[in-house]
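Structure, as structure tokens:
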Amino acid sequence: MKKFMTRNEEIILLTILKLKGEAYGVSIRKQIYLDLGNRWSFASIYQPLDNLVRKKYVKRIKGDPTARRGGKRKFYYEVTQEGLRNLRKLKKAHEQVWSGIPGISLENGK
Amino acid sequence: MKANRIMKFLFSRDSYCERSGDLEEAYADYLEEEGPIRAKAWLWLQILKLCFGIIRVNIVWRFVMLKNYLKIAFRNLKRHKGYAVMNILGLAVGMACCILIMLYVQYELSYDLYHTNADHIYRILLGREGFIDRPFAGSPPRLAAALKDNYPDVLYASRVKNEVTSVRYKNRFFRENRFYFVDSDFLEIFDFPLLSGNPESTLDDPLSLLLTNEMAQKYFGNEEPVGRVISCNTYGRPVDYRVTGVLDNVPSNSHFHFDFLTPVSSLGELRGEAYINSWNNNAFKTYLRIAEDSSPEGLTTKVEALFAGKIPWKPDITLENIKDIHLFSEANPDMELEPNSDVRYLHFFSAIAFFIMLIACFNYINLSTANSARRSMEIGIRKVVGAQKGQIARQFFSEVLLLSLMALILAGLLAGLFLPTFRSLIGSEMNTPWTDPAAVAGVLGIMLFTGIVSGVYPALFLSSFRPMAVLKTRSRTGSSNRPFFRNTLVVFQFVISAALIISTVTISKQLHYIQNRKMGFNKDYVLTALIGDQSLRENNGPLKAELTNHPNILSVSTSSGLLTDIGWGVGPDWEGKPQDQNPMFYKIGVDFNYLDLYEMDVIAGRKFSREYATDEKEAVLLSETALKITGWEDPIGKRFDEGIVVGIVKDFHFEPLRESIKPIFFRVMTDSNTSFFLSIKIKSEDIPSTLASVDKTWKKFSPDYPFSYTFVDGAIENLYRSEQRIGNAFKYFSLIAIFIACLGLFGLTSFRVEQRTKEIGIRKIMGASVPKIMMMLTFDFAKLVLLANIIAWPAAFYFVNRWLEGFAYRTVMGPWIFLLTGIVTLVIALMTIGIQSVKAATANPADSLRYE
């Protein structure tokens, strides 16, 4: 059985989906900040990204260089079919695991 | 941007593009929001984190694999113990040589670096314009003060003069050779920490004395030395000095070592103010510390300008940095405080270390590629289950590193064991501690060098095996592969060994030649002693008379210099001397029986004789070479240096045979202030009792100066000490080189024999005789050794000849040296191969054919 992706990978994959074709290093990081209020380091973005690329859940697409980046190219990320399938599986697993846990016990557990 | 460069190094091109672009963009945002300082800090933090990520991915995971590689490596070493021992031993011996030589080189390079201002400390070398000889380290005593007065760039300047002095404190009475007269700036120029005493006023009083800790122990033991009065006798009159301080011992890596320091002004009281303050003698050394922003080049002409009008000839000044003195000195060694080394020795020893290490590395390459068959299956399997070429290469690399690490440990033990031997072998007092960072770095460097040189080729070779070929045929694919490459390495190893042997033989031949060449005088059973007492010098007749009466003393004489160290050069005038020439002649003042004592020959005219009343005042004897320079046809009666030539002395060697014979002339000086040296010719029998009675007589005439003598033949041998050292070093290193080379050869033969076991068995069954098979096995390697000799001969001839050219008088490298080397290397190689061949050739074919 294939292992699930890590939580970080999951967050990044979802962010890429949310950004709809505008996902690249800086924008992903910004979106995560908007969603979670944490400033992630670039290292903790690239590493899951590299893993996602290797697992073929995400595709890297060469963009164009811009002046603001010192003349360097952007690299956009796009979620592949396989990525989507896996994400769905993960979501389903989430719901399965969480179902049946009463809301109250969660509040108390905190 | 620095960050960019780091990232370029860390990432592939695309990733670099992406990451550095992203960072730059985010950085620009930060810059607007948070300001430059925080933005910068943030940027570097990001880069740091990226680096950590990479380390985690690349190193930690590799480490896991590494564990597996090491496990396999250990198993292999255990399984093939002989092979492991050969490799490790060869590498360890090579590394031990490297470590020792590296420590030596580092030590030699560290000379005088301990002075904080070493970059700005210079000494004056004085040459004479148009003078062929090298400049001398001497300079006039007036110079130091003149420099300080006239040029603000010269911050401190000190005269330095070493005098042999008899020192007495209570019942402790010694002759001290390292008694230095200096100026108070001396302690400002150099870093010699004061252990006790008032740092403000140690050398202010003319009769103050500083001594080293070692001397304080020697004279005062446990007493407090500061404030004590000690009697020192430098020029025939004991003077009381007061100890004002104790200095730390001078580090061994210093180009001079003093035991006592006292102001030059006290020398003035002994020898007259003129002696310490004139422009006309060059008996002092001048050291200066210049301002940090001034350059020595600019100062040179200024120093020369100071001499204008003070001396009759034009000086040629060199400022020599203190760091250059030990290894790169341009000065004539005659006036040095202590003999220096030469950077050529460093090059020379480094080259030896390098070549020995190469021989050892080649062993590893040869053995591991030859034995690759043993590993081919493993490599095949690894590749089949997914190992990449790079991973296999990495595996074999880590194996080499493991092996060289084990060799390094053994080498460290060997080096520690042989350090004292090595030290006396090359005559260096190196004492680098093991914890010295440079030494540690050097040792690790040696290990890495070994690993890389010996690891690269096997790693590439083994990792290029094709898994299908290896696994399918189950053959020894790699084994017979590329014997040409291995043969080349074997040839190279023996080229080096043969070249070292040729050098060893030639060097010892040259040394033998030097020591047995006719010097032109008889050096046997002659001893010399310095007459320290001035009044005794001026009236030495009674001493000589009493010594001559002794039945075991054949002859006694005095002279101004030693035949091994004339120490007196002048530019004399003579009848018909061309105006534009001013050649230097050595000069020696002798008494009437000096030439008889040393059995020198006069080839024209006569020797000095008491029968001629005028001899004492004006007689001159020229040497043959001196005569050649004057160009006279008929020299007798000609005027030379305010004297008249009475005879010509046959040329003799008064300098090492490196130099061609220089011109010298003799004058008569019987009871003069310059009659410094006493020469005594003794009978060959019962030398100790003769010496004892000479000592007794000496004490009677010179109570303040202990008797200390040198045998002339010993002094002559001393002149060749550095050559002797090189000769000895060569002996040992060529032995080591050939030992390592033979280890490799042994390994290769045993491999080759193992490989051909079956073939040999079949040959024997078909009727081959034992000698035939031995011939077959040895010939392969013997021809390599012969080829190596043929290459080594011209190469060694070229280099050794260059060394020989440093001598004006040299032996010839006869063809027998080369033939002998050829035979020796061949015999050693054959013996190495022979052991294995005999075993293989005499084995029972039934056994060898059954081995599968």
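By convention here, the chains of the structure tokens are called A, B, ... in the order presented, each chain's residues are numbered starting at 1, and ligands are numbered starting at 1 in the order presented.
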Point to revise | Contact set, chain A to chain B: 10 Å, only C-alpha atoms, as a list in words | key: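 Result, ordered by chain then number: Tyr24, Gly25, Val26, Ser27, Arg29, Lys30, Trp40, Ser41, Phe42, Ala43, Ser44, Ile45, Tyr46, Gln47, Asp50, Lys62, Gly63, Pro65, Thr66, Ala67, Arg68, Arg69, Gly70, Gly71, Lys72, Arg73, Lys74, Phe75 and Tyr76 of chain A.
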Point to revise | Backbone DSSP call of alpha helix (DSSP H) for chain A, listed as a ChimeraX atom specification | key: /A:7-19,25-36,43-54,81-98,103-109
Review point. Which polymer residues have any atom within 8 Å of an atom of Tyr594 (chain B), counting only C-alpha atoms, with same-chain residues fewer than 3 positions away left out, as JSON, numbers by chain?
Key: {"B": [556, 557, 558, 559, 590, 591, 597, 598]}
May I have the residues from that selection written out with N, CA and C atoms, as an mmCIF file, in the first residue's frame?
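Contents of the output file again.cif:
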```cif
data_model
loop_
_atom_site.group_PDB
_atom_site.id
_atom_site.type_symbol
_atom_site.label_atom_id
_atom_site.label_comp_id
_atom_site.auth_asym_id
_atom_site.auth_seq_id
_atom_site.Cartn_x
_atom_site.Cartn_y
_atom_site.Cartn_z
ATOM 1 N N VAL B 556 104.295 23.379 17.105
ATOM 2 C CA VAL B 556 103.262 24.299 17.574
ATOM 3 C C VAL B 556 103.368 25.580 16.760
ATOM 4 N N SER B 557 102.206 26.157 16.437
ATOM 5 C CA SER B 557 102.251 27.367 15.621
ATOM 6 C C SER B 557 101.018 28.219 15.903
ATOM 7 N N THR B 558 101.093 29.505 15.583
ATOM 8 C CA THR B 558 99.916 30.366 15.725
ATOM 9 C C THR B 558 99.552 30.968 14.367
ATOM 10 N N SER B 559 98.284 31.334 14.246
ATOM 11 C CA SER B 559 97.847 31.961 12.997
ATOM 12 C C SER B 559 96.640 32.848 13.282
ATOM 13 N N VAL B 590 100.640 34.268 9.884
ATOM 14 C CA VAL B 590 101.127 33.027 10.490
ATOM 15 C C VAL B 590 102.502 33.261 11.103
ATOM 16 N N ASP B 591 102.927 32.336 11.955
ATOM 17 C CA ASP B 591 104.289 32.457 12.446
ATOM 18 C C ASP B 591 105.216 31.601 11.588
ATOM 19 N N LEU B 597 104.331 22.990 9.782
ATOM 20 C CA LEU B 597 103.392 22.200 10.565
ATOM 21 C C LEU B 597 102.327 21.565 9.677
ATOM 22 N N TYR B 598 101.790 22.357 8.748
ATOM 23 C CA TYR B 598 100.741 21.831 7.870
ATOM 24 C C TYR B 598 101.305 21.183 6.607
#
```
Check your understanding: Within 10 Å of region 320-322 of chain B, counting only C-alpha atoms, which residues qualify if same-chain residues fewer than 3 places away don't, as a PyMOL selection string?
Key -> chain B and resi 111-113+115+117-125+137+254-255+287-289+296+317+325-326+328-331
Include C-alpha atoms and write out the residues we just selected as a PDB file, in the first residue's frame.
```
ATOM      1  CA  TYR B 111      61.556  29.854  11.542  1.00  0.00           C
ATOM      2  CA  ASP B 112      61.349  33.310  13.121  1.00  0.00           C
ATOM      3  CA  LEU B 113      57.602  33.546  12.599  1.00  0.00           C
ATOM      4  CA  HIS B 115      58.018  37.494  16.299  1.00  0.00           C
ATOM      5  CA  ASN B 117      56.436  42.036  13.853  1.00  0.00           C
ATOM      6  CA  ALA B 118      58.281  39.492  11.738  1.00  0.00           C
ATOM      7  CA  ASP B 119      56.974  41.155   8.574  1.00  0.00           C
ATOM      8  CA  HIS B 120      58.754  44.372   9.422  1.00  0.00           C
ATOM      9  CA  ILE B 121      62.023  43.088  10.839  1.00  0.00           C
ATOM     10  CA  TYR B 122      64.995  43.264   8.514  1.00  0.00           C
ATOM     11  CA  ARG B 123      68.694  42.807   8.730  1.00  0.00           C
ATOM     12  CA  ILE B 124      71.323  44.623   6.734  1.00  0.00           C
ATOM     13  CA  LEU B 125      73.476  42.742   4.264  1.00  0.00           C
ATOM     14  CA  ALA B 137      75.694  39.786   7.157  1.00  0.00           C
ATOM     15  CA  SER B 254      65.029  30.946  15.576  1.00  0.00           C
ATOM     16  CA  HIS B 255      67.917  31.789  13.254  1.00  0.00           C
ATOM     17  CA  TYR B 287      68.718  44.436  12.707  1.00  0.00           C
ATOM     18  CA  LEU B 288      65.885  46.909  12.218  1.00  0.00           C
ATOM     19  CA  ARG B 289      62.178  47.146  12.614  1.00  0.00           C
ATOM     20  CA  PRO B 296      62.391  47.909   2.323  1.00  0.00           C
ATOM     21  CA  ILE B 317      72.983  47.140   0.588  1.00  0.00           C
ATOM     22  CA  ILE B 325      67.010  34.348   6.674  1.00  0.00           C
ATOM     23  CA  HIS B 326      66.746  30.690   7.538  1.00  0.00           C
ATOM     24  CA  PHE B 328      66.404  32.036   1.522  1.00  0.00           C
ATOM     25  CA  SER B 329      69.422  33.946   2.772  1.00  0.00           C
ATOM     26  CA  GLU B 330      71.549  35.542   0.104  1.00  0.00           C
ATOM     27  CA  ALA B 331      74.329  36.183   2.549  1.00  0.00           C
TER      28      ALA B 331
END
```
Just the residues within 10 Å of Lys20 (chain A), please, counting only C-alpha atoms, with nothing from its chain fewer than 2 positions along; format it as a PDB file with C-alpha atoms, in the first residue's frame.
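result-v4.pdb, written as the output of this step:
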```pdb
ATOM      1  CA  THR A  15      -2.257  25.593  -1.754  1.00  0.00           C
ATOM      2  CA  ILE A  16      -1.112  24.879  -5.289  1.00  0.00           C
ATOM      3  CA  LEU A  17      -4.644  23.892  -6.189  1.00  0.00           C
ATOM      4  CA  LYS A  18      -6.008  27.044  -4.556  1.00  0.00           C
ATOM      5  CA  GLU A  22      -0.253  31.005 -10.253  1.00  0.00           C
ATOM      6  CA  ALA A  23       1.608  28.720  -7.809  1.00  0.00           C
ATOM      7  CA  TYR A  77       3.692  24.064 -10.078  1.00  0.00           C
ATOM      8  CA  GLU A  78       0.597  22.259 -11.213  1.00  0.00           C
ATOM      9  CA  VAL A  79      -1.182  19.340  -9.572  1.00  0.00           C
TER      10      VAL A  79
END
```
Strand (DSSP E) per DSSP on the backbone: members of chain A, as a JSON list (two decimals) with N, CA and C atoms, in the first residue's frame:
```
[["chain", "number", "residue", "atom", "x", "y", "z"],
["A", 58, "VAL", "N", 2.89, 16.42, -8.65],
["A", 58, "VAL", "CA", 2.95, 17.82, -9.04],
["A", 58, "VAL", "C", 3.88, 17.92, -10.23],
["A", 59, "LYS", "N", 3.58, 18.86, -11.13],
["A", 59, "LYS", "CA", 4.42, 19.04, -12.30],
["A", 59, "LYS", "C", 5.10, 20.40, -12.20],
["A", 60, "ARG", "N", 6.36, 20.45, -12.62],
["A", 60, "ARG", "CA", 7.05, 21.74, -12.63],
["A", 60, "ARG", "C", 6.98, 22.30, -14.03],
["A", 61, "ILE", "N", 6.62, 23.58, -14.15],
["A", 61, "ILE", "CA", 6.53, 24.20, -15.47],
["A", 61, "ILE", "C", 7.41, 25.43, -15.48],
["A", 62, "LYS", "N", 8.26, 25.51, -16.51],
["A", 62, "LYS", "CA", 9.15, 26.66, -16.63],
["A", 62, "LYS", "C", 8.34, 27.90, -16.95],
["A", 63, "GLY", "N", 8.58, 29.00, -16.23],
["A", 63, "GLY", "CA", 7.93, 30.26, -16.54],
["A", 63, "GLY", "C", 8.92, 31.21, -17.18],
["A", 64, "ASP", "N", 8.55, 32.49, -17.22],
["A", 64, "ASP", "CA", 9.44, 33.46, -17.84],
["A", 64, "ASP", "C", 10.22, 34.23, -16.77],
["A", 65, "PRO", "N", 11.40, 34.70, -17.14],
["A", 65, "PRO", "CA", 12.17, 35.51, -16.18],
["A", 65, "PRO", "C", 11.52, 36.87, -15.99],
["A", 66, "THR", "N", 11.61, 37.39, -14.77],
["A", 66, "THR", "CA", 11.14, 38.76, -14.54],
["A", 66, "THR", "C", 12.23, 39.56, -13.88],
["A", 72, "LYS", "N", 15.78, 35.97, -13.22],
["A", 72, "LYS", "CA", 15.71, 34.51, -13.20],
["A", 72, "LYS", "C", 14.29, 34.02, -13.47],
["A", 73, "ARG", "N", 14.23, 32.79, -14.01],
["A", 73, "ARG", "CA", 12.92, 32.23, -14.34],
["A", 73, "ARG", "C", 12.10, 31.92, -13.10],
["A", 74, "LYS", "N", 10.74, 31.98, -13.33],
["A", 74, "LYS", "CA", 9.86, 31.39, -12.32],
["A", 74, "LYS", "C", 9.65, 29.94, -12.68],
["A", 75, "PHE", "N", 9.35, 29.11, -11.66],
["A", 75, "PHE", "CA", 8.94, 27.74, -11.93],
["A", 75, "PHE", "C", 7.58, 27.55, -11.29],
["A", 76, "TYR", "N", 6.58, 27.32, -12.14],
["A", 76, "TYR", "CA", 5.21, 27.14, -11.64],
["A", 76, "TYR", "C", 4.96, 25.67, -11.33],
["A", 77, "TYR", "N", 4.04, 25.44, -10.43],
["A", 77, "TYR", "CA", 3.69, 24.06, -10.08],
["A", 77, "TYR", "C", 2.23, 23.81, -10.38],
["A", 78, "GLU", "N", 1.96, 22.61, -10.87],
["A", 78, "GLU", "CA", 0.60, 22.26, -11.21],
["A", 78, "GLU", "C", 0.32, 20.86, -10.69],
["A", 79, "VAL", "N", -0.87, 20.66, -10.12],
["A", 79, "VAL", "CA", -1.18, 19.34, -9.57],
["A", 79, "VAL", "C", -1.56, 18.40, -10.70]]
```
Check your understanding: Could you name the residues that touch Phe4 (chain A) at 10 Å or less, counting only C-alpha atoms, but leaving out those on the same chain fewer than 2 positions away, as a VMD selection string?
Key -> chain A and resid 1 to 2 6 to 7 9 to 10 86 to 87 89 to 90 93
Exercise for review: Grab the CA of Asn522 (chain B) to CA of Ile716 (chain B) distance for me, in Å with one decimal place.
Suggested key: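 It comes out at 11.7 Å.
Distances from B:Gly127, B:Gly576, B:Gly380, B:Pro206 to Arg466 (chain B) were compared using only C-alpha atoms, and the smallest one belongs to B:Gly380.
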Practice item. Kindly give the distance, in Å, that separates CA of Arg639 (chain B) and CA of Phe666 (chain B), rounded to a single decimal. Key: 13.6 Å
Check your understanding: Which is closest to Arg134 (chain B) among B:Leu327, B:Met335, B:Met831, B:Leu187, if we use only C-alpha atoms?
Key ->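 When distances to Arg134 (chain B) are compared using only C-alpha atoms, the smallest one comes from B:Met335.
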Practice item. Pick out the closest residue to Glu82 (chain A) from this set: A:Leu52, A:Leu36, A:Val97, A:Leu19. Count only C-alpha atoms. Key: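 Checking each candidate against Glu82 (chain A), we get A:Leu52 as the closest.
Across A:Gly100, A:Pro48, A:Leu13, A:Ile28, the tightest approach to Thr80 (chain A) is made by A:Leu13 when counting only C-alpha atoms.
Surrounding region 512-520 of chain B within 7 Å are Met600, Asp651, Phe652, His653, Leu657 and Thr811 of chain B, with only C-alpha atoms counted and residues fewer than 6 positions along the same chain left out.
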Same residues, C-alpha atoms, saved as a PDB file, in the first residue's frame:
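This is the output file out_6.pdb:
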```pdb
ATOM      1  CA  MET B 600     102.457  22.953   2.668  1.00  0.00           C
ATOM      2  CA  ASP B 651      97.420  25.810  -4.051  1.00  0.00           C
ATOM      3  CA  PHE B 652      95.507  24.210  -1.191  1.00  0.00           C
ATOM      4  CA  HIS B 653      91.815  23.876  -0.304  1.00  0.00           C
ATOM      5  CA  LEU B 657      85.249  21.650  -2.323  1.00  0.00           C
ATOM      6  CA  THR B 811      83.829  12.711  -8.952  1.00  0.00           C
TER       7      THR B 811
END
```
